[in-house]
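Visitor: This structure is in structure tokens; I'll ask about it shortly.
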Amino acid sequence: MSTTASADPPPQKKARVEPESEQRFEGGVANNSAGDLPHNSDSVEMMQQNGTDNDIDEGLYSRQLYVLGHQAMRRMALSNILISGMKGLGVEIAKNVVLSGVKSVTIHDEGTVTWSDLSSQFFLREGDVGSQRAVVTGPRLAELNSYVPVTASTSPLTHDFISKFQVVVLTDSSLDTQIEIGEFCHQKGICFISADTKGLFGQLFCDFGKEFTVYDTNGEQPISNMIAAVTKETEGVVTCIDETRHGYEVGDYVTFSEIKGMVELNKCEPRLVTSAGPYTFSIGDTSQFGDYVQGGIVTQVKMPKTVSFKSIRDSLSAPEYILTDFAKFDRPALLHLAFQTLHKFVGKNGRVPKPYAQDDIEQFINLAKELHGSSEEALNEDVLRLFAGCASGNVCPMQAVIGGITAQEVLKACSGKFMPVYQWLYFDATECLPENTLSVLNAEKCQPRNSRYDGQAAVFGWEFQQKLAESRYFLVGAGAIGCEMLKNWAMMGMATEGNGKIIVTDMDVIEKSNLNRQFLFRPGDVQKPKSRIAANAVRQMNPAIVIESHENRVGPETESTYDDNFFESLTGIANALDNVEARMYVDRRCVYYCKPLLESGTLGTKGNVQVVIPHITESYSSSQDPPEKSIPICTLKNFPNAIEHTLQWARDQFEGIFLQPVETAKQFMTDSKFLERTLKLQGAQPLETLDAVRSVVVDQVPGCFADCIAWARNLFQANYINQIKQLLFNFPPDQQTSTGTPFWSGPKRCPHPLVFDADVEMHLDYIVAAANLRAKNYGIPQNRNRSEIAAIAKGVRVPEFTPRSGVTIAVNESEAANHSRADSSFDPEAVKKLKDSLPKPSELGLKLQPIEFEKDDDTNFHMDFIVAASNLRAENYDIAPADRHKSKLIAGKIIPAIATTTSLIVGLVCLELYKLIQGHKRIESYKDGFINLALPFFGFSEPKPPVKNKFYDNTFTLWDRFEINEEMTLKQFLDYFEEKHKLKITMLSQGVSMLYSFFLNEQRKNERLALKMPELVQTVSKKTIPPYVNALVFELCCSDEKDEDVEVPYVKYNIH
């Protein structure tokens, strides 16, 4: 749906209500039972209901399904959720829960919209001030997911009402209310959650009952290993092949399959790992079993775990905490006291402390001391004063942090997936405040002005608000992280005055699978540009925001757009990208222009945040993750032992059949210089390239769809029958190695050829997909009639295959490399003969269409081919097949994602943004973070400082450079460094051009010495300097006075 600026929901998404009930929100109770959700005079259902409980829209939920799994989502689809309190925190929780796909959500709030709410409640508009929060929030919340009915209630909560829900969440509620409802839920077996934020402080409490079952404590894929040996003794020891680290821990459970000899272990009841080293582990008594012979696979088994929760009343006096920051070890107990003190203050005064009002702060401290009693532990009064000073504020990033965590706890309560918070969690971000906060901020600087930023100004003051309003930020990416970032920035009042501006760019269009977590988009927006729709959406949230949307890739090709003037005008940059290459490019630009960078990423329930600050921290590129483990070529080609291997083989088949050779042939037909370029290639490449072209344009051109079926049938024969027969001819099942061990053992699984049968569903799946893809390549009309295709396939005559002697098959990587070198020789005669055999491109009437793999379109046969090709090969090698869902994850390299993690991570990013706008210079003020909501785990650390280098007595880091602002010839340039810095330049380069070196011949050296630096660059590179370039970058190799090589910074030579 298109997003249009309006205080009301768009007309095509009006609340589905009976006319008389539209006016009956006040005093209404939403009827939200475990069954259907009927309309009544006291409730309004905002969206249509789910279908059957087992319906899961994989197109919508695909990325979340890879996080939670089908079973967890089916349990969620049976859960009715109540969320009380629709201020910033409540709506953040509700947004994430609605997106996740529970059965229903009821929102409850008895209050009306205030100006302060607009600091963080993104579904409220300025025109809503004075209206009921739940009533105006409901329709906008309901738009997020058509499968989740949303009901709004404005009546006081009653036990009868609460008893209809599986999970109850309270936000912004009194302690008395929390205890009263919490105790009721504890007795009735209803999962209870209480969450709150006050300024820069957050609190979460969970009680999931006396016996709560966790089905999967960490969400990781079960570990599986191949076995080398199992001992027969009272403490049987399992050894894995090739001394690979198995990854099991004491307390894990495992089961076995495919063991020869000790068959009692196959499909056994899960056995407890009693001790474990890096390469072996014990599984208890195996002394009564048969002798182990060979083979076998051990697989981890996820065992349910029962957790017993205390009620909130019991837990208040004997709290157990999840630590969110190991540098603040004493903070949870202090904040536990602070929140209780606040409830006492409100009970006494009927309000929270006014922003930084000294009298209120002193009263708060005295109340805290009373509650603390005679404990020997000293109170950290500085933190308590900050708590009291900003308690009246509400800050959108803090709501995002606590809201993301809380929403994940709701999903845990519904599904039993992941370990819950046990039982209290506290979080604060006092580092966002100015240094010496209480001497800098006071009641006058933070008093409300009936502005949408009242809640934020109550924490930071109005001068800081002005800095936010005038900031200029570049957001690279408008996906899940980008949408959350823009929402937060709109609430924070970023870029709303003066020269303030947000520039967001994203080259992608919206896909259906995005809607599950990229909450600024609606179904009607599918196939529209992400950046434009996201920008329109946040303009509705805050009409004052100045935002410009682009649809550009950020890279070398767009440096004319994102040029020197552009970057130099920015306050900072935030990445919302999904690949390392683009992140590193933006990082290099930030280092060059000395701009701060906010970097973040998510992977399922895991997420990370990194802040890059000029001259203070290292850059994103300073440290890199280890490369992904690749699959050896010989394993892929001949010796797969896991479904990942067969899926990668299937992907390679797809690219090597339907994309690469067709692309090459198309270039032959359209590019007049194709042959000239091809003949210059090294080794056997010219022959291989021309052979691929001839195959596509001459040898295998189909005339009709029946030809495509015949081709597919022969491809089946080659891949799943002939190739396997040849492999078994080379290495028979009883083959032994030179050491006398079976060749087909350990990671090598002995294959068997298939027998084609068009009546077998998987066989026909392959033929249908391959034939239709082949037809697409040649512009032949496709055919989806399976019966017709099966009939033709049965009639295809396939040549008899006889394995050949002399065929070499590489057994390991070194053999594969040797074969590759042996095959790379150049045969000019064969190349000429093949070239001459090709028809002229003008004689070919073909309309070739290369096929780029697209995993998310279920009608294009791409995944049909991958699933069938992979599972047929898995059948060859007796590997367990993978369903379409798992195949898409692995072959499509999908990154699992869920809205809760994104919400939390972007909240943390924006807390770091506050610090940047404050201008903090101390590295200890900033926090890099890693979180895993499944465990749950929170780890924060100071960013790493940049590595320091030195020449003479000059220390420099990656942020430093020599800067030259005057025009120079090359000779003047060389003399300048020798005279001013005592550095003798031995080599000088710009980009890929070598401008000067000590070994240049005298004539060329003298010619260049007289040229001005820009002229020198253009002469050597043979390229004109673009007009948007304001500076040139030179790399130096230098020696010092002792004639020793020294490392020095680069040179920034300003030309405008």
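We name chains A, B, ... following the order of the structure tokens; residues begin at 1 in each chain, and ligands are numbered from 1 as shown.
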Going by DSSP on the backbone, which residues of region 283-443 of chain A come out as strand (DSSP E or B)? List them as a list in words.
Guide: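 Here are the strand (DSSP E or B) residues of region 283-443 of chain A: Gln294, Ile297, Val298, Thr299, Gln300, Val301, Lys305, Thr306, Val307, Tyr321, Ile322, Asn394, Lys417, Trp424, Leu425, Tyr426, Phe427 and Asp428 of chain A.
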Visitor: Go ahead and dump the residues you just picked, all heavy atoms, as a short mmCIF file (atom, residue, chain, number, x, y, z; two decimals), in the first residue's frame.
Guide:
data_model
loop_
_atom_site.label_atom_id
_atom_site.label_comp_id
_atom_site.auth_asym_id
_atom_site.auth_seq_id
_atom_site.Cartn_x
_atom_site.Cartn_y
_atom_site.Cartn_z
N GLN A 294 33.40 -49.55 11.28
CA GLN A 294 33.74 -48.32 10.56
C GLN A 294 32.51 -47.45 10.40
O GLN A 294 31.38 -47.86 10.63
CB GLN A 294 34.34 -48.63 9.19
CG GLN A 294 33.31 -49.12 8.16
CD GLN A 294 33.89 -49.25 6.77
OE1 GLN A 294 34.86 -49.97 6.57
NE2 GLN A 294 33.32 -48.56 5.81
N ILE A 297 27.72 -41.52 11.79
CA ILE A 297 27.52 -40.08 11.99
C ILE A 297 26.94 -39.86 13.37
O ILE A 297 26.01 -40.57 13.78
CB ILE A 297 26.58 -39.50 10.91
CG1 ILE A 297 27.21 -39.64 9.51
CG2 ILE A 297 26.23 -38.05 11.20
CD1 ILE A 297 26.27 -39.30 8.38
N VAL A 298 27.48 -38.89 14.10
CA VAL A 298 26.94 -38.53 15.41
C VAL A 298 26.28 -37.17 15.28
O VAL A 298 26.83 -36.25 14.65
CB VAL A 298 28.04 -38.52 16.51
CG1 VAL A 298 29.20 -37.61 16.13
CG2 VAL A 298 27.46 -38.11 17.86
N THR A 299 25.10 -37.03 15.83
CA THR A 299 24.33 -35.79 15.70
C THR A 299 23.81 -35.35 17.05
O THR A 299 23.28 -36.16 17.82
CB THR A 299 23.14 -35.99 14.73
OG1 THR A 299 23.64 -36.47 13.48
CG2 THR A 299 22.38 -34.69 14.53
N GLN A 300 23.95 -34.09 17.32
CA GLN A 300 23.45 -33.50 18.57
C GLN A 300 21.92 -33.55 18.60
O GLN A 300 21.26 -33.38 17.57
CB GLN A 300 23.93 -32.06 18.68
CG GLN A 300 23.59 -31.35 19.97
CD GLN A 300 24.06 -29.90 19.93
OE1 GLN A 300 24.06 -29.26 18.88
NE2 GLN A 300 24.46 -29.38 21.07
N VAL A 301 21.36 -33.80 19.76
CA VAL A 301 19.91 -33.81 19.95
C VAL A 301 19.54 -32.69 20.91
O VAL A 301 20.08 -32.61 22.02
CB VAL A 301 19.43 -35.16 20.51
CG1 VAL A 301 17.92 -35.14 20.71
CG2 VAL A 301 19.85 -36.30 19.58
N LYS A 305 14.20 -28.34 28.17
CA LYS A 305 14.67 -27.97 29.51
C LYS A 305 13.53 -27.26 30.24
O LYS A 305 12.86 -26.40 29.66
CB LYS A 305 15.88 -27.05 29.41
CG LYS A 305 16.47 -26.66 30.75
CD LYS A 305 17.76 -25.83 30.57
CE LYS A 305 18.36 -25.48 31.92
NZ LYS A 305 19.63 -24.73 31.76
N THR A 306 13.30 -27.64 31.48
CA THR A 306 12.23 -27.01 32.27
C THR A 306 12.82 -25.93 33.17
O THR A 306 13.81 -26.16 33.87
CB THR A 306 11.50 -28.06 33.13
OG1 THR A 306 10.95 -29.06 32.26
CG2 THR A 306 10.37 -27.41 33.93
N VAL A 307 12.20 -24.75 33.13
CA VAL A 307 12.66 -23.61 33.93
C VAL A 307 11.53 -23.21 34.87
O VAL A 307 10.37 -23.09 34.46
CB VAL A 307 13.04 -22.41 33.03
CG1 VAL A 307 13.56 -21.25 33.88
CG2 VAL A 307 14.06 -22.83 32.00
N TYR A 321 19.47 -11.63 38.21
CA TYR A 321 19.66 -10.70 37.11
C TYR A 321 20.37 -11.33 35.91
O TYR A 321 21.22 -12.20 36.07
CB TYR A 321 20.52 -9.50 37.56
CG TYR A 321 20.04 -8.78 38.79
CD1 TYR A 321 20.80 -8.79 39.96
CD2 TYR A 321 18.84 -8.07 38.78
CE1 TYR A 321 20.37 -8.11 41.09
CE2 TYR A 321 18.40 -7.39 39.91
CZ TYR A 321 19.18 -7.42 41.07
OH TYR A 321 18.75 -6.75 42.19
N ILE A 322 20.02 -10.84 34.74
CA ILE A 322 20.82 -11.04 33.53
C ILE A 322 21.71 -9.80 33.40
O ILE A 322 21.21 -8.67 33.38
CB ILE A 322 19.92 -11.16 32.27
CG1 ILE A 322 19.15 -12.47 32.27
CG2 ILE A 322 20.75 -11.01 31.00
CD1 ILE A 322 19.96 -13.68 31.86
N ASN A 394 11.38 10.29 27.76
CA ASN A 394 11.28 9.04 27.00
C ASN A 394 12.07 9.20 25.71
O ASN A 394 11.92 10.17 24.98
CB ASN A 394 9.84 8.60 26.78
CG ASN A 394 9.07 9.49 25.85
OD1 ASN A 394 9.17 9.35 24.63
ND2 ASN A 394 8.29 10.42 26.40
N LYS A 417 10.90 -21.39 22.30
CA LYS A 417 12.14 -21.35 21.52
C LYS A 417 13.07 -20.32 22.15
O LYS A 417 12.71 -19.15 22.30
CB LYS A 417 11.82 -20.95 20.07
CG LYS A 417 13.01 -20.90 19.14
CD LYS A 417 13.29 -22.24 18.52
CE LYS A 417 14.33 -22.11 17.41
NZ LYS A 417 14.55 -23.38 16.74
N TRP A 424 15.23 -10.73 35.96
CA TRP A 424 15.30 -9.28 35.82
C TRP A 424 16.42 -8.90 34.87
O TRP A 424 17.50 -9.47 34.91
CB TRP A 424 15.55 -8.60 37.17
CG TRP A 424 14.45 -8.73 38.17
CD1 TRP A 424 14.33 -9.68 39.14
CD2 TRP A 424 13.32 -7.86 38.31
NE1 TRP A 424 13.19 -9.47 39.89
CE2 TRP A 424 12.55 -8.36 39.39
CE3 TRP A 424 12.88 -6.73 37.63
CZ2 TRP A 424 11.36 -7.76 39.81
CZ3 TRP A 424 11.69 -6.12 38.04
CH2 TRP A 424 10.94 -6.63 39.12
N LEU A 425 16.15 -7.90 34.05
CA LEU A 425 17.17 -7.34 33.18
C LEU A 425 17.13 -5.83 33.30
O LEU A 425 16.05 -5.22 33.21
CB LEU A 425 16.93 -7.76 31.73
CG LEU A 425 17.89 -7.23 30.66
CD1 LEU A 425 18.08 -8.27 29.56
CD2 LEU A 425 17.39 -5.92 30.03
N TYR A 426 18.29 -5.23 33.54
CA TYR A 426 18.39 -3.77 33.60
C TYR A 426 19.44 -3.30 32.60
O TYR A 426 20.45 -3.97 32.38
CB TYR A 426 18.78 -3.31 35.01
CG TYR A 426 17.67 -3.48 36.02
CD1 TYR A 426 17.62 -4.60 36.84
CD2 TYR A 426 16.66 -2.53 36.13
CE1 TYR A 426 16.59 -4.78 37.75
CE2 TYR A 426 15.62 -2.69 37.04
CZ TYR A 426 15.58 -3.81 37.84
OH TYR A 426 14.55 -3.97 38.73
N PHE A 427 19.18 -2.15 32.02
CA PHE A 427 20.11 -1.60 31.02
C PHE A 427 20.10 -0.08 31.15
O PHE A 427 19.04 0.53 31.38
CB PHE A 427 19.66 -2.00 29.61
CG PHE A 427 20.51 -1.44 28.51
CD1 PHE A 427 21.75 -2.01 28.21
CD2 PHE A 427 20.11 -0.32 27.79
CE1 PHE A 427 22.54 -1.48 27.21
CE2 PHE A 427 20.90 0.21 26.78
CZ PHE A 427 22.12 -0.38 26.49
N ASP A 428 21.27 0.52 31.00
CA ASP A 428 21.32 1.99 31.01
C ASP A 428 22.35 2.48 30.00
O ASP A 428 23.24 1.72 29.58
CB ASP A 428 21.64 2.53 32.40
CG ASP A 428 23.09 2.32 32.79
OD1 ASP A 428 23.92 3.17 32.43
OD2 ASP A 428 23.39 1.31 33.46
#
Visitor: Can you pull out every residue within 8 Å of region 724-741 of chain A, counting only C-alpha atoms, but drop anything in the same chain fewer than 3 positions away, and send it as a list in words?
Guide: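 That gives Asn638, Asn719, Tyr720, Ile721, Trp744, Cys750, Pro751, His752, Pro753, Pro803, Arg804, Ser805, Val807, Ile809 and Asn876 of chain A.
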Visitor: Write the residues of the preceding selection, restricted to N, CA, C and O atoms, as a short mmCIF file (atom, residue, chain, number, x, y, z; two decimals), in the first residue's frame.
Guide:
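Final output, result_38.cif:
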data_model
loop_
_atom_site.label_atom_id
_atom_site.label_comp_id
_atom_site.auth_asym_id
_atom_site.auth_seq_id
_atom_site.Cartn_x
_atom_site.Cartn_y
_atom_site.Cartn_z
N ASN A 638 33.04 -35.24 -6.71
CA ASN A 638 32.95 -36.71 -6.65
C ASN A 638 32.68 -37.31 -5.29
O ASN A 638 32.25 -38.46 -5.22
N ASN A 719 24.41 -37.01 -15.20
CA ASN A 719 24.75 -36.62 -13.83
C ASN A 719 24.54 -37.72 -12.80
O ASN A 719 25.36 -37.88 -11.88
N TYR A 720 23.47 -38.46 -12.91
CA TYR A 720 23.07 -39.36 -11.83
C TYR A 720 23.27 -40.85 -12.14
O TYR A 720 23.06 -41.70 -11.28
N ILE A 721 23.69 -41.12 -13.38
CA ILE A 721 23.89 -42.52 -13.76
C ILE A 721 25.31 -42.70 -14.32
O ILE A 721 26.14 -43.39 -13.72
N TRP A 744 36.36 -46.38 0.30
CA TRP A 744 35.07 -45.75 0.60
C TRP A 744 34.82 -45.84 2.11
O TRP A 744 34.08 -46.68 2.59
N CYS A 750 30.25 -44.22 -0.46
CA CYS A 750 30.17 -44.98 -1.71
C CYS A 750 28.82 -44.72 -2.40
O CYS A 750 27.76 -44.96 -1.81
N PRO A 751 28.84 -44.22 -3.64
CA PRO A 751 27.58 -43.88 -4.31
C PRO A 751 26.98 -45.09 -5.04
O PRO A 751 27.60 -46.14 -5.16
N HIS A 752 25.78 -44.87 -5.55
CA HIS A 752 25.16 -45.85 -6.45
C HIS A 752 24.40 -45.08 -7.52
O HIS A 752 23.85 -44.01 -7.25
N PRO A 753 24.38 -45.60 -8.76
CA PRO A 753 23.65 -44.89 -9.82
C PRO A 753 22.14 -45.03 -9.61
O PRO A 753 21.67 -46.00 -9.02
N PRO A 803 31.65 -47.40 -18.96
CA PRO A 803 32.78 -46.70 -18.33
C PRO A 803 34.06 -46.93 -19.12
O PRO A 803 34.28 -48.00 -19.70
N ARG A 804 34.90 -45.89 -19.14
CA ARG A 804 36.13 -45.93 -19.94
C ARG A 804 37.36 -46.04 -19.05
O ARG A 804 37.41 -45.45 -17.98
N SER A 805 38.33 -46.77 -19.53
CA SER A 805 39.63 -46.82 -18.85
C SER A 805 40.41 -45.55 -19.17
O SER A 805 40.18 -44.90 -20.20
N VAL A 807 40.33 -42.72 -17.57
CA VAL A 807 39.72 -41.50 -17.06
C VAL A 807 40.31 -41.22 -15.66
O VAL A 807 40.27 -42.09 -14.78
N ILE A 809 40.37 -39.33 -12.12
CA ILE A 809 39.49 -38.64 -11.17
C ILE A 809 40.32 -38.25 -9.95
O ILE A 809 40.96 -39.09 -9.32
N ASN A 876 22.07 -40.40 -4.71
CA ASN A 876 23.24 -41.13 -5.21
C ASN A 876 24.15 -41.58 -4.07
O ASN A 876 24.68 -42.69 -4.06
#
Visitor: So which one's closest to Lys886 (chain A), A:Val867, A:Ala810, A:Ala934, A:Leu911? Using only C-alpha atoms, please.
Guide: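 Smallest distance to Lys886 (chain A) is found for A:Val867.
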Visitor: Could you pull the residues within 12 Å of region 229-237 of chain A, counting only C-alpha atoms, minus those fewer than 5 positions along the same chain, as a PDB file with C-alpha atoms, in the first residue's frame?
Guide:
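And here is the file that came out, selection_32.pdb:
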ATOM      1  CA  ASP A 242      40.571 -36.141  10.819  1.00  0.00           C
ATOM      2  CA  GLU A 243      40.807 -34.880  14.373  1.00  0.00           C
ATOM      3  CA  PHE A 256      24.057 -42.005  15.991  1.00  0.00           C
ATOM      4  CA  ILE A 259      27.647 -47.099  12.244  1.00  0.00           C
ATOM      5  CA  LYS A 260      28.897 -50.503  11.077  1.00  0.00           C
ATOM      6  CA  GLY A 261      29.641 -53.008  13.816  1.00  0.00           C
ATOM      7  CA  MET A 262      28.399 -51.240  16.927  1.00  0.00           C
ATOM      8  CA  VAL A 263      24.891 -51.062  15.428  1.00  0.00           C
ATOM      9  CA  GLU A 264      23.245 -50.727  18.854  1.00  0.00           C
ATOM     10  CA  LEU A 265      24.119 -47.021  18.719  1.00  0.00           C
ATOM     11  CA  ARG A 271      22.989 -40.335  25.058  1.00  0.00           C
ATOM     12  CA  LEU A 272      24.523 -37.842  27.460  1.00  0.00           C
ATOM     13  CA  VAL A 273      28.009 -36.497  26.722  1.00  0.00           C
ATOM     14  CA  THR A 274      29.747 -37.121  30.058  1.00  0.00           C
ATOM     15  CA  SER A 275      33.174 -35.712  29.238  1.00  0.00           C
ATOM     16  CA  ALA A 276      34.647 -33.986  26.238  1.00  0.00           C
ATOM     17  CA  GLY A 277      38.017 -32.993  24.818  1.00  0.00           C
ATOM     18  CA  TYR A 279      38.502 -34.186  19.370  1.00  0.00           C
ATOM     19  CA  THR A 280      36.913 -36.956  21.476  1.00  0.00           C
ATOM     20  CA  PHE A 281      33.985 -37.295  23.877  1.00  0.00           C
ATOM     21  CA  SER A 282      32.485 -39.940  26.157  1.00  0.00           C
ATOM     22  CA  ILE A 283      28.943 -41.323  25.929  1.00  0.00           C
ATOM     23  CA  GLY A 284      28.710 -43.758  28.842  1.00  0.00           C
ATOM     24  CA  ASP A 285      28.727 -47.557  28.824  1.00  0.00           C
ATOM     25  CA  THR A 286      29.273 -49.255  25.447  1.00  0.00           C
ATOM     26  CA  SER A 287      30.817 -52.453  26.844  1.00  0.00           C
ATOM     27  CA  GLN A 288      27.787 -54.618  25.978  1.00  0.00           C
ATOM     28  CA  PHE A 289      27.635 -53.512  22.348  1.00  0.00           C
ATOM     29  CA  GLY A 290      29.209 -55.085  19.263  1.00  0.00           C
ATOM     30  CA  ASP A 291      32.691 -54.127  18.098  1.00  0.00           C
ATOM     31  CA  TYR A 292      32.928 -50.892  16.103  1.00  0.00           C
ATOM     32  CA  VAL A 293      33.950 -51.572  12.496  1.00  0.00           C
ATOM     33  CA  GLN A 294      33.743 -48.318  10.563  1.00  0.00           C
ATOM     34  CA  GLY A 295      31.708 -45.272   9.563  1.00  0.00           C
ATOM     35  CA  GLY A 296      28.879 -43.527  11.322  1.00  0.00           C
ATOM     36  CA  ILE A 297      27.522 -40.076  11.985  1.00  0.00           C
ATOM     37  CA  VAL A 298      26.940 -38.533  15.409  1.00  0.00           C
ATOM     38  CA  SER A 745      35.327 -44.890   4.297  1.00  0.00           C
ATOM     39  CA  GLY A 746      35.541 -41.805   6.511  1.00  0.00           C
TER      40      GLY A 746
END
Visitor: Find the residue from A:Tyr473, A:Phe756, A:Phe801, A:Phe956 that sits nearest to Arg713 (chain A); use only C-alpha atoms when measuring.
Guide: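 Between A:Tyr473, A:Phe756, A:Phe801, A:Phe956, the residue approaching Arg713 (chain A) most closely is A:Phe756.
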Visitor: Which neighbours of Ala882 (chain A) fall inside 10 Å, counting only C-alpha atoms, when residues of the same chain fewer than 5 positions from it are skipped, and could you give them as a list in words?
Guide: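 Near Ala882 (chain A), the qualifying residues are Ile643, Glu644, Thr646, Leu647, Val867, Ala868, Ser870, Asn871, Ala874, Ser887, Lys888 and Ile890 of chain A.
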Visitor: Give me, as a count of residues only, the residues of region 42-163 of chain A that a backbone DSSP run labels helix (DSSP H, G or I).
Guide: 53
Visitor: Applying 10 Å and only C-alpha atoms, which residues near Leu379 (chain A) remain after dropping the ones on its own chain fewer than 3 positions away? List them as a PyMOL selection string.
Guide: chain A and resi 334+337+365+368-369+372+375-376+382-384
Visitor: Grab the residues selected above and save them as a short mmCIF file (atom, residue, chain, number, x, y, z; two decimals), in the first residue's frame with all heavy atoms.
Guide:
data_model
loop_
_atom_site.label_atom_id
_atom_site.label_comp_id
_atom_site.auth_asym_id
_atom_site.auth_seq_id
_atom_site.Cartn_x
_atom_site.Cartn_y
_atom_site.Cartn_z
N LEU A 334 21.56 -1.76 41.75
CA LEU A 334 21.32 -0.33 41.96
C LEU A 334 20.05 0.11 41.22
O LEU A 334 19.22 0.84 41.77
CB LEU A 334 22.52 0.48 41.49
CG LEU A 334 22.44 1.98 41.71
CD1 LEU A 334 22.48 2.32 43.21
CD2 LEU A 334 23.58 2.70 40.99
N LEU A 337 16.84 -1.06 42.79
CA LEU A 337 16.45 -0.13 43.85
C LEU A 337 15.89 1.15 43.26
O LEU A 337 14.87 1.69 43.76
CB LEU A 337 17.68 0.18 44.73
CG LEU A 337 17.50 1.29 45.77
CD1 LEU A 337 16.51 0.85 46.86
CD2 LEU A 337 18.85 1.65 46.40
N ILE A 365 16.73 10.74 46.32
CA ILE A 365 17.90 10.15 47.00
C ILE A 365 17.52 9.71 48.41
O ILE A 365 17.88 8.61 48.87
CB ILE A 365 19.08 11.13 47.02
CG1 ILE A 365 19.60 11.42 45.60
CG2 ILE A 365 20.21 10.61 47.90
CD1 ILE A 365 20.20 10.21 44.90
N ALA A 368 15.48 6.60 48.30
CA ALA A 368 16.33 5.46 47.97
C ALA A 368 17.09 4.97 49.19
O ALA A 368 17.21 3.76 49.42
CB ALA A 368 17.30 5.84 46.85
N LYS A 369 17.57 5.91 50.00
CA LYS A 369 18.30 5.53 51.21
C LYS A 369 17.38 4.81 52.19
O LYS A 369 17.79 3.85 52.86
CB LYS A 369 18.91 6.78 51.86
CG LYS A 369 20.09 7.36 51.07
CD LYS A 369 20.61 8.63 51.73
CE LYS A 369 21.81 9.19 50.98
NZ LYS A 369 22.28 10.48 51.55
N HIS A 372 16.92 1.36 50.86
CA HIS A 372 18.19 0.63 50.95
C HIS A 372 18.44 0.13 52.37
O HIS A 372 19.06 -0.92 52.57
CB HIS A 372 19.33 1.55 50.50
CG HIS A 372 20.64 0.85 50.32
ND1 HIS A 372 20.81 -0.23 49.49
CD2 HIS A 372 21.86 1.09 50.88
CE1 HIS A 372 22.06 -0.62 49.53
NE2 HIS A 372 22.73 0.16 50.37
N SER A 375 21.90 -1.59 54.72
CA SER A 375 22.82 -2.45 53.98
C SER A 375 24.23 -1.87 53.99
O SER A 375 24.42 -0.65 53.96
CB SER A 375 22.34 -2.60 52.53
OG SER A 375 23.29 -3.28 51.77
N GLU A 376 25.22 -2.76 54.06
CA GLU A 376 26.61 -2.31 54.08
C GLU A 376 27.07 -1.80 52.73
O GLU A 376 28.05 -1.06 52.64
CB GLU A 376 27.51 -3.47 54.52
CG GLU A 376 27.27 -3.90 55.97
CD GLU A 376 28.18 -5.05 56.37
OE1 GLU A 376 29.04 -5.45 55.55
OE2 GLU A 376 28.04 -5.54 57.51
N ASP A 382 25.63 9.10 42.41
CA ASP A 382 25.76 9.79 41.12
C ASP A 382 24.81 9.20 40.08
O ASP A 382 24.14 9.92 39.35
CB ASP A 382 27.20 9.70 40.61
CG ASP A 382 28.17 10.50 41.46
OD1 ASP A 382 27.71 11.41 42.18
OD2 ASP A 382 29.39 10.22 41.41
N VAL A 383 24.76 7.87 40.04
CA VAL A 383 23.86 7.21 39.08
C VAL A 383 22.40 7.46 39.46
O VAL A 383 21.56 7.72 38.60
CB VAL A 383 24.16 5.70 39.02
CG1 VAL A 383 23.12 4.99 38.14
CG2 VAL A 383 25.56 5.46 38.47
N LEU A 384 22.09 7.39 40.76
CA LEU A 384 20.72 7.63 41.19
C LEU A 384 20.27 9.05 40.86
O LEU A 384 19.11 9.29 40.50
CB LEU A 384 20.60 7.38 42.69
CG LEU A 384 20.74 5.91 43.14
CD1 LEU A 384 20.69 5.81 44.65
CD2 LEU A 384 19.64 5.05 42.51
#
Visitor: Neighbouring residues of Pro556 (chain A) were defined as those with any atom within 12 Å, considering only C-alpha atoms; residues of the same chain fewer than 2 positions away were excluded. Please report them as a VMD selection string.
Guide: chain A and resid 552 to 554 558 to 563 581 to 582 585 to 586 588 to 589
